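Reproduced below: entry-v8.pdb, with PDB, C-alpha atoms (C1' of nucleotides).
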```pdb
ATOM      1  CA  MET A  12      -3.579 -12.692   5.461
ATOM      2  CA  THR A  13      -0.664 -14.720   4.117
ATOM      3  CA  ASP A  14       2.409 -15.796   6.030
ATOM      4  CA  ASP A  15       4.519 -13.573   3.822
ATOM      5  CA  GLN A  16       2.396 -10.557   4.694
ATOM      6  CA  LEU A  17       2.739 -11.319   8.400
ATOM      7  CA  ASP A  18       6.489 -11.631   7.932
ATOM      8  CA  LEU A  19       6.656  -8.216   6.286
ATOM      9  CA  ILE A  20       4.551  -6.474   8.923
ATOM     10  CA  PHE A  21       6.327  -7.976  11.921
ATOM     11  CA  LYS A  22       9.717  -7.377  10.354
ATOM     12  CA  ALA A  23       8.776  -3.770   9.660
ATOM     13  CA  LEU A  24       7.724  -3.297  13.282
ATOM     14  CA  SER A  25      10.751  -5.069  14.745
ATOM     15  CA  ASP A  26      13.021  -2.044  14.410
ATOM     16  CA  SER A  27      12.752   0.863  16.813
ATOM     17  CA  THR A  28      13.835   3.349  14.135
ATOM     18  CA  ARG A  29      10.909   2.293  11.983
ATOM     19  CA  ARG A  30       8.524   2.436  14.931
ATOM     20  CA  ARG A  31       9.701   5.985  15.550
ATOM     21  CA  ILE A  32       9.102   6.871  11.902
ATOM     22  CA  ILE A  33       5.568   5.497  12.194
ATOM     23  CA  ASP A  34       5.067   7.695  15.227
ATOM     24  CA  HIS A  35       6.326  10.779  13.378
ATOM     25  CA  LEU A  36       4.083  10.104  10.419
ATOM     26  CA  SER A  37       1.086   9.615  12.678
ATOM     27  CA  LYS A  38       1.607  13.047  14.171
ATOM     28  CA  ARG A  39       2.161  14.762  10.840
ATOM     29  CA  PRO A  40       1.233  12.996   7.585
ATOM     30  CA  ALA A  41       2.528  13.630   4.064
ATOM     31  CA  GLN A  42       6.122  14.183   5.116
ATOM     32  CA  SER A  43       8.948  14.144   2.602
ATOM     33  CA  LEU A  44      12.081  12.091   3.060
ATOM     34  CA  PHE A  45      13.944  15.166   4.273
ATOM     35  CA  GLU A  46      11.239  15.969   6.779
ATOM     36  CA  VAL A  47      11.389  12.494   8.238
ATOM     37  CA  CYS A  48      15.163  12.831   8.546
ATOM     38  CA  ALA A  49      14.770  16.205  10.236
ATOM     39  CA  ALA A  50      12.102  14.881  12.609
ATOM     40  CA  SER A  51      14.369  12.003  13.593
ATOM     41  CA  VAL A  52      17.097  14.416  14.609
ATOM     42  CA  ALA A  53      14.791  17.020  16.157
ATOM     43  CA  GLU A  54      12.474  14.737  18.131
ATOM     44  CA  ASP A  55      14.636  11.700  18.811
ATOM     45  CA  GLY A  56      18.110  13.165  18.570
ATOM     46  CA  ILE A  57      19.042  10.428  16.126
ATOM     47  CA  ALA A  58      20.853  11.525  12.980
ATOM     48  CA  LEU A  59      20.480   9.102  10.098
ATOM     49  CA  SER A  60      21.576   9.531   6.516
ATOM     50  CA  ARG A  61      18.933  10.238   3.922
ATOM     51  CA  GLN A  62      19.489   6.854   2.290
ATOM     52  CA  THR A  63      19.142   4.996   5.549
ATOM     53  CA  VAL A  64      15.793   6.651   6.223
ATOM     54  CA  SER A  65      14.806   5.975   2.630
ATOM     55  CA  GLN A  66      15.461   2.284   3.132
ATOM     56  CA  HIS A  67      13.409   2.195   6.313
ATOM     57  CA  LEU A  68      10.557   3.929   4.519
ATOM     58  CA  ALA A  69      10.818   1.355   1.724
ATOM     59  CA  VAL A  70      10.466  -1.462   4.249
ATOM     60  CA  LEU A  71       7.408   0.197   5.730
ATOM     61  CA  GLU A  72       5.923   0.750   2.290
ATOM     62  CA  LYS A  73       6.559  -2.866   1.304
ATOM     63  CA  ALA A  74       4.681  -3.933   4.422
ATOM     64  CA  GLY A  75       1.812  -1.694   3.369
ATOM     65  CA  LEU A  76       2.027   0.452   6.479
ATOM     66  CA  ILE A  77       2.642   3.728   4.693
ATOM     67  CA  GLU A  78       1.474   5.122   1.398
ATOM     68  CA  ILE A  79       3.256   7.333  -1.063
ATOM     69  CA  GLU A  80       2.042  10.298  -3.020
ATOM     70  CA  TRP A  81       4.330  12.084  -5.419
ATOM     71  CA  LYS A  82       4.012  15.837  -5.484
ATOM     72  CA  GLY A  83       6.325  17.056  -8.175
ATOM     73  CA  ARG A  84       9.806  16.135  -7.089
ATOM     74  CA  THR A  85       8.893  15.443  -3.486
ATOM     75  CA  LYS A  86       7.544  12.157  -2.199
ATOM     76  CA  ALA A  87       4.944  12.530   0.509
ATOM     77  CA  HIS A  88       4.852   9.645   2.999
ATOM     78  CA  SER A  89       1.746   9.067   5.092
ATOM     79  CA  LEU A  90       0.765   6.420   7.568
ATOM     80  CA  SER A  91      -1.699   3.960   6.083
ATOM     81  CA  VAL A  92      -2.694   1.439   8.701
ATOM     82  CA  SER A  93      -5.630  -0.652   7.517
ATOM     83  CA  GLU A  94      -7.899  -2.852   9.554
ATOM     84  CA  ASP A  95      -6.095  -5.805   8.022
ATOM     85  CA  ASP A  96      -2.760  -4.450   9.226
ATOM     86  CA  ILE A  97      -4.150  -4.076  12.738
ATOM     87  CA  ALA A  98      -5.501  -7.600  12.609
ATOM     88  CA  ALA A  99      -2.186  -8.964  11.385
ATOM     89  CA  ALA A 100      -0.134  -7.125  13.983
ATOM     90  CA  SER A 101      -2.499  -8.409  16.653
ATOM     91  CA  TRP A 102      -1.794 -11.982  15.581
ATOM     92  CA  LEU A 103      -0.647 -12.928  19.056
ATOM     93  CA  THR A 104      -4.032 -12.151  20.631
ATOM     94  CA  LYS A 105      -5.197 -15.502  19.260
ATOM     95  CA  TYR A 106      -3.139 -17.020  22.052
ATOM     96  CA  LYS A 107      -4.359 -14.721  24.785
ATOM     97  CA  PRO A 108      -4.484 -16.444  28.162
ATOM     98  CA  LYS A 109      -8.001 -17.073  29.424
ATOM     99  CA  GLY A 110      -7.572 -15.043  32.589
ATOM    100  CA  ASN A 111      -5.523 -17.631  34.430
ATOM    101  CA  GLU A 112      -2.112 -16.043  34.622
ATOM    102  CA  THR A 113      -0.353 -14.658  37.662
TER
ATOM    103  CA  MET B 289       7.417  -1.910  27.822
ATOM    104  CA  THR B 290      10.870  -0.969  26.577
ATOM    105  CA  ASP B 291      11.932  -0.595  22.969
ATOM    106  CA  ASP B 292      14.220  -3.580  23.375
ATOM    107  CA  GLN B 293      11.333  -5.728  24.551
ATOM    108  CA  LEU B 294       9.243  -4.672  21.553
ATOM    109  CA  ASP B 295      12.185  -5.512  19.292
ATOM    110  CA  LEU B 296      12.431  -8.998  20.777
ATOM    111  CA  ILE B 297       8.734  -9.737  20.513
ATOM    112  CA  PHE B 298       8.303  -8.472  16.957
ATOM    113  CA  LYS B 299      11.495 -10.196  15.849
ATOM    114  CA  ALA B 300      10.294 -13.428  17.404
ATOM    115  CA  LEU B 301       6.988 -13.151  15.565
ATOM    116  CA  SER B 302       8.526 -12.169  12.234
ATOM    117  CA  ASP B 303       9.409 -15.741  11.279
ATOM    118  CA  SER B 304       6.755 -18.140  10.054
ATOM    119  CA  THR B 305       8.591 -21.117  11.543
ATOM    120  CA  ARG B 306       8.414 -19.531  14.972
ATOM    121  CA  ARG B 307       4.745 -18.633  14.491
ATOM    122  CA  ARG B 308       4.085 -22.270  13.630
ATOM    123  CA  ILE B 309       5.909 -23.377  16.779
ATOM    124  CA  ILE B 310       3.729 -21.023  18.829
ATOM    125  CA  ASP B 311       0.692 -22.595  17.207
ATOM    126  CA  HIS B 312       1.878 -26.123  18.014
ATOM    127  CA  LEU B 313       2.578 -25.200  21.619
ATOM    128  CA  SER B 314      -0.828 -23.599  21.981
ATOM    129  CA  LYS B 315      -2.493 -26.832  20.905
ATOM    130  CA  ARG B 316      -0.337 -29.016  23.121
ATOM    131  CA  PRO B 317       1.769 -27.488  25.922
ATOM    132  CA  ALA B 318       4.831 -28.890  27.647
ATOM    133  CA  GLN B 319       6.399 -30.330  24.503
ATOM    134  CA  SER B 320      10.007 -31.391  24.392
ATOM    135  CA  LEU B 321      12.418 -30.296  21.698
ATOM    136  CA  PHE B 322      11.959 -33.598  19.895
ATOM    137  CA  GLU B 323       8.193 -33.283  20.007
ATOM    138  CA  VAL B 324       8.330 -29.813  18.471
ATOM    139  CA  CYS B 325      10.577 -31.181  15.711
ATOM    140  CA  ALA B 326       8.190 -34.059  15.127
ATOM    141  CA  ALA B 327       5.164 -31.755  15.069
ATOM    142  CA  SER B 328       6.852 -29.529  12.521
ATOM    143  CA  VAL B 329       7.337 -32.472  10.190
ATOM    144  CA  ALA B 330       3.992 -34.117  10.896
ATOM    145  CA  GLU B 331       1.725 -31.063  10.788
ATOM    146  CA  ASP B 332       3.592 -28.692   8.499
ATOM    147  CA  GLY B 333       5.702 -31.101   6.462
ATOM    148  CA  ILE B 334       8.780 -29.051   7.325
ATOM    149  CA  ALA B 335      11.829 -30.984   8.477
ATOM    150  CA  LEU B 336      14.236 -28.955  10.551
ATOM    151  CA  SER B 337      17.252 -30.121  12.459
ATOM    152  CA  ARG B 338      17.011 -30.392  16.208
ATOM    153  CA  GLN B 339      19.487 -27.530  16.651
ATOM    154  CA  THR B 340      17.578 -25.249  14.329
ATOM    155  CA  VAL B 341      14.364 -25.786  16.276
ATOM    156  CA  SER B 342      16.315 -25.297  19.497
ATOM    157  CA  GLN B 343      17.501 -21.914  18.269
ATOM    158  CA  HIS B 344      13.980 -20.842  17.350
ATOM    159  CA  LEU B 345      12.774 -21.893  20.790
ATOM    160  CA  ALA B 346      15.578 -19.869  22.349
ATOM    161  CA  VAL B 347      14.448 -16.774  20.437
ATOM    162  CA  LEU B 348      10.892 -17.296  21.635
ATOM    163  CA  GLU B 349      12.072 -17.813  25.192
ATOM    164  CA  LYS B 350      14.217 -14.683  25.062
ATOM    165  CA  ALA B 351      11.142 -12.746  23.971
ATOM    166  CA  GLY B 352       9.271 -14.202  26.944
ATOM    167  CA  LEU B 353       6.674 -15.924  24.800
ATOM    168  CA  ILE B 354       7.359 -19.430  26.029
ATOM    169  CA  GLU B 355       8.395 -20.823  29.360
ATOM    170  CA  ILE B 356      10.610 -23.753  30.173
ATOM    171  CA  GLU B 357      10.274 -26.463  32.736
ATOM    172  CA  TRP B 358      12.913 -29.126  33.118
ATOM    173  CA  LYS B 359      11.610 -32.609  33.788
ATOM    174  CA  GLY B 360      14.637 -34.765  34.328
ATOM    175  CA  ARG B 361      16.520 -34.792  31.074
ATOM    176  CA  THR B 362      13.723 -33.367  28.966
ATOM    177  CA  LYS B 363      12.896 -29.697  28.603
ATOM    178  CA  ALA B 364       9.201 -28.977  28.458
ATOM    179  CA  HIS B 365       8.279 -25.897  26.389
ATOM    180  CA  SER B 366       4.940 -24.200  26.932
ATOM    181  CA  LEU B 367       3.361 -21.093  25.532
ATOM    182  CA  SER B 368       3.423 -18.233  28.006
ATOM    183  CA  VAL B 369       1.702 -15.211  26.522
ATOM    184  CA  SER B 370       1.169 -12.525  29.139
ATOM    185  CA  GLU B 371      -1.112  -9.523  28.981
ATOM    186  CA  ASP B 372       2.001  -7.423  28.499
ATOM    187  CA  ASP B 373       3.013  -9.534  25.509
ATOM    188  CA  ILE B 374      -0.419  -9.057  23.973
ATOM    189  CA  ALA B 375      -0.231  -5.328  24.597
ATOM    190  CA  ALA B 376       3.231  -5.141  23.037
ATOM    191  CA  ALA B 377       2.291  -7.156  19.982
ATOM    192  CA  SER B 378      -0.758  -4.934  19.530
ATOM    193  CA  TRP B 379       1.489  -1.878  19.382
ATOM    194  CA  LEU B 380       0.166  -0.898  15.977
ATOM    195  CA  THR B 381      -3.404  -0.477  17.241
ATOM    196  CA  LYS B 382      -2.290   2.888  18.620
ATOM    197  CA  TYR B 383      -2.384   4.055  15.017
ATOM    198  CA  LYS B 384      -5.734   2.537  14.174
ATOM    199  CA  PRO B 385      -7.621   4.574  11.585
ATOM    200  CA  LYS B 386     -10.653   6.371  12.987
ATOM    201  CA  GLY B 387     -13.118   4.646  10.694
ATOM    202  CA  ASN B 388     -12.325   6.721   7.633
ATOM    203  CA  GLU B 389     -10.597   4.237   5.365
ATOM    204  CA  THR B 390     -11.883   2.687   2.172
TER
ATOM    205  C1'  DT C 297      17.756  26.811 -20.520
ATOM    206  C1'  DC C 298      20.195  26.186 -16.364
ATOM    207  C1'  DT C 299      20.656  25.533 -11.510
ATOM    208  C1'  DA C 300      19.454  23.855  -7.230
ATOM    209  C1'  DT C 301      16.937  20.416  -4.871
ATOM    210  C1'  DA C 302      14.589  15.812  -3.906
ATOM    211  C1'  DT C 303      15.026  11.409  -4.639
ATOM    212  C1'  DG C 304      16.828   6.792  -6.569
ATOM    213  C1'  DC C 305      20.355   3.308  -7.557
ATOM    214  C1'  DA C 306      24.837   0.920  -7.037
ATOM    215  C1'  DG C 307      28.237  -0.610  -4.179
ATOM    216  C1'  DT C 308      30.338  -1.613   0.383
ATOM    217  C1'  DA C 309      31.338  -3.124   5.076
ATOM    218  C1'  DA C 310      30.054  -4.708   9.653
ATOM    219  C1'  DG C 311      27.024  -7.342  12.163
ATOM    220  C1'  DA C 312      22.903 -10.364  12.793
ATOM    221  C1'  DT C 313      20.242 -14.353  11.336
ATOM    222  C1'  DT C 314      19.407 -19.002   9.814
ATOM    223  C1'  DG C 315      20.467 -23.272   8.725
ATOM    224  C1'  DC C 316      23.725 -26.954   9.351
ATOM    225  C1'  DT C 317      27.419 -30.696  11.598
ATOM    226  C1'  DG C 318      30.074 -32.464  15.312
ATOM    227  C1'  DC C 319      31.269 -33.006  19.947
ATOM    228  C1'  DA C 320      30.304 -32.513  25.012
ATOM    229  C1'  DT C 321      27.359 -32.835  28.991
ATOM    230  C1'  DG C 322      23.958 -34.688  31.985
ATOM    231  C1'  DC C 323      20.331 -37.580  33.527
ATOM    232  C1'  DC C 324      17.287 -41.845  33.664
ATOM    233  C1'  DA C 325      17.091 -46.700  33.790
ATOM    234  C1'  DA C 326      18.770 -51.283  33.587
TER
ATOM    235  C1'  DT D 155      28.146 -48.395  36.933
ATOM    236  C1'  DT D 156      27.178 -47.975  32.373
ATOM    237  C1'  DG D 157      24.482 -47.405  28.063
ATOM    238  C1'  DG D 158      21.489 -44.560  25.701
ATOM    239  C1'  DC D 159      18.900 -40.571  24.960
ATOM    240  C1'  DA D 160      17.789 -35.367  25.352
ATOM    241  C1'  DT D 161      19.859 -31.351  25.176
ATOM    242  C1'  DG D 162      23.678 -27.681  24.960
ATOM    243  C1'  DC D 163      27.689 -25.422  22.950
ATOM    244  C1'  DA D 164      31.102 -24.325  19.327
ATOM    245  C1'  DG D 165      31.901 -23.417  14.830
ATOM    246  C1'  DC D 166      30.806 -22.582   9.904
ATOM    247  C1'  DA D 167      28.701 -20.982   5.556
ATOM    248  C1'  DA D 168      25.122 -18.443   3.197
ATOM    249  C1'  DT D 169      22.125 -14.834   3.367
ATOM    250  C1'  DC D 170      19.882 -10.656   5.209
ATOM    251  C1'  DT D 171      20.040  -6.238   7.621
ATOM    252  C1'  DT D 172      21.651  -1.765   8.581
ATOM    253  C1'  DA D 173      24.318   1.775   8.013
ATOM    254  C1'  DC D 174      27.133   4.386   4.928
ATOM    255  C1'  DT D 175      29.292   7.134   0.374
ATOM    256  C1'  DG D 176      29.078   8.466  -4.287
ATOM    257  C1'  DC D 177      26.915   9.160  -8.539
ATOM    258  C1'  DA D 178      22.685   9.554 -11.536
ATOM    259  C1'  DT D 179      18.101  11.213 -12.540
ATOM    260  C1'  DA D 180      14.291  14.264 -12.605
ATOM    261  C1'  DT D 181      11.698  18.348 -11.610
ATOM    262  C1'  DA D 182      10.581  23.265 -10.052
ATOM    263  C1'  DG D 183      11.742  27.763 -10.612
ATOM    264  C1'  DA D 184      14.582  31.725 -12.034
TER
END
```
Structure translated into structure tokens:
Amino acid sequence: MTDDQLDLIFKALSDSTRRRIIDHLSKRPAQSLFEVCAASVAEDGIALSRQTVSQHLAVLEKAGLIEIEWKGRTKAHSLSVSEDDIAAASWLTKYKPKGNET
Amino acid sequence: MTDDQLDLIFKALSDSTRRRIIDHLSKRPAQSLFEVCAASVAEDGIALSRQTVSQHLAVLEKAGLIEIEWKGRTKAHSLSVSEDDIAAASWLTKYKPKGNET
DNA sequence: TCTATATGCAGTAAGATTGCTGCATGCCAA
DNA sequence: TTGGCATGCAGCAATCTTACTGCATATAGA
């Protein structure tokens, strides 16, 4: 796992909008851009423009956290969390206290 | 764990310089600002100004990952990773695949 | 073919981030 | 008391981020 990859993953996770998108995609995979927009409004009450959501999805894709499948003219986004992603995002556990905290 | 807290922790971890500082502090706690600067040059070959390192330390402190103890005119920085921090940084494990990936 | 729909790309503006320099403050030690 | 050292704060420039609007492209279906 390179430093750049860690950067991408942590940066992707450092925005609550993107964390919400991850949550939506975990509940229902293969959502189109419009569906993610709709879910954001319906479940979180947060209205974002299509392009804004598109950019967030691009960040998540760049970090390797979601995967894309084109179905005709619609782009299906699904969560794609690998073991490597989990390991990277758990980077901090390396520095876990040895049971001596208050 | 609030969304804001997750933002702070992931943002703090999304910079390789800050991850390196965490690593230095884990190896040797209670380092002053100057010592962190020196370690960055000595161990990583990266020269950063005192103020730049100070800012990175402030981000880490704001995220609650390090703690400060003043000793006279020097500020001793130590790693302070709580169980909550570990849990927050492991946020992605919620979406761990159920053993069906390639 | 033609239209409606799903998405992409370009451009923009406000705000955050990251690095820096310079000056101010505050404490230890002689 | 005073000199020197560790740190803080203010300010600045370059870049990145996050949101947006508007236009272009491509595909499914009538």
Report as a tab-separated table: every residue of chain C with an atom at most 9 Å from region 159-178 of chain D, its closest pair of atoms, and their distance in Å to one decimal, counting all atoms listed in the file, with rows sorted by chain and ascending residue number.
```
residue	atom	partner	partner_atom	distance
C:DG304	C1'	D:DA178	C1'	8.2
C:DC305	C1'	D:DA178	C1'	7.8
C:DA306	C1'	D:DC177	C1'	8.6
C:DT308	C1'	D:DC174	C1'	8.2
C:DA309	C1'	D:DC174	C1'	8.6
C:DA310	C1'	D:DA173	C1'	8.8
C:DG311	C1'	D:DT171	C1'	8.4
C:DA312	C1'	D:DT171	C1'	7.2
C:DT313	C1'	D:DC170	C1'	7.2
C:DT314	C1'	D:DT169	C1'	8.1
C:DG315	C1'	D:DA168	C1'	8.7
C:DC316	C1'	D:DC166	C1'	8.3
C:DT317	C1'	D:DC166	C1'	9.0
C:DC319	C1'	D:DA164	C1'	8.7
C:DA320	C1'	D:DC163	C1'	7.8
C:DT321	C1'	D:DG162	C1'	7.5
C:DG322	C1'	D:DT161	C1'	8.6
C:DC323	C1'	D:DA160	C1'	8.8
C:DC324	C1'	D:DC159	C1'	8.9
```
Expressed in Å to a single decimal, how great is the separation between CA of Pro108 (chain A) and CA of Gln339 (chain B)?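 Distance between the two atoms: 28.8 Å.
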Write out as JSON, numbers by chain each polymer residue whose atoms come within 10 Å of region 341-345 of chain B, counting only C-alpha atoms (C1' of nucleotides); drop sequence neighbours fewer than 2 positions from it. {"B": [300, 303, 305, 306, 307, 309, 310, 321, 322, 324, 325, 328, 335, 336, 337, 338, 339, 347, 348, 349, 350, 351, 353, 354, 355, 356, 365], "C": [314], "D": [161, 162]}
Evaluate the PyMOL selection byres ((chain A) within 8 of (chain C)) here and jot the selected residues down as a count of residues only. 3
Only residues of chain A matter here; which ones have an atom within 8 Å of chain B, counting all atoms listed in the file? Give them as a PyMOL selection string. chain A and resi 14+17-22+24-27+37+92-94+97+100-104+106-108+112
Residue nearest chain D among B:Met289, B:Ala346, B:Arg316, B:Asp372 (counting only C-alpha atoms (C1' of nucleotides)):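 With only C-alpha atoms (C1' of nucleotides) as the atom set, the closest residue is B:Ala346.
Among the candidates A:Gly83, A:Ala41, A:His35, A:Glu54, the residue lying nearest to chain D is A:Gly83 (atoms considered: all atoms listed in the file).
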If you measure from CA of Pro40 (chain A) to CA of Trp81 (chain A), what distance in Å do you get, rounded to one decimal?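 CA of Pro40 (chain A) sits 13.4 Å away from CA of Trp81 (chain A).
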Tell me, in Å to one decimal, how far CA of Ile57 (chain A) is from C1' of DA180 (chain D).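 One can read the CA of Ile57 (chain A) to C1' of DA180 (chain D) distance as 29.4 Å.
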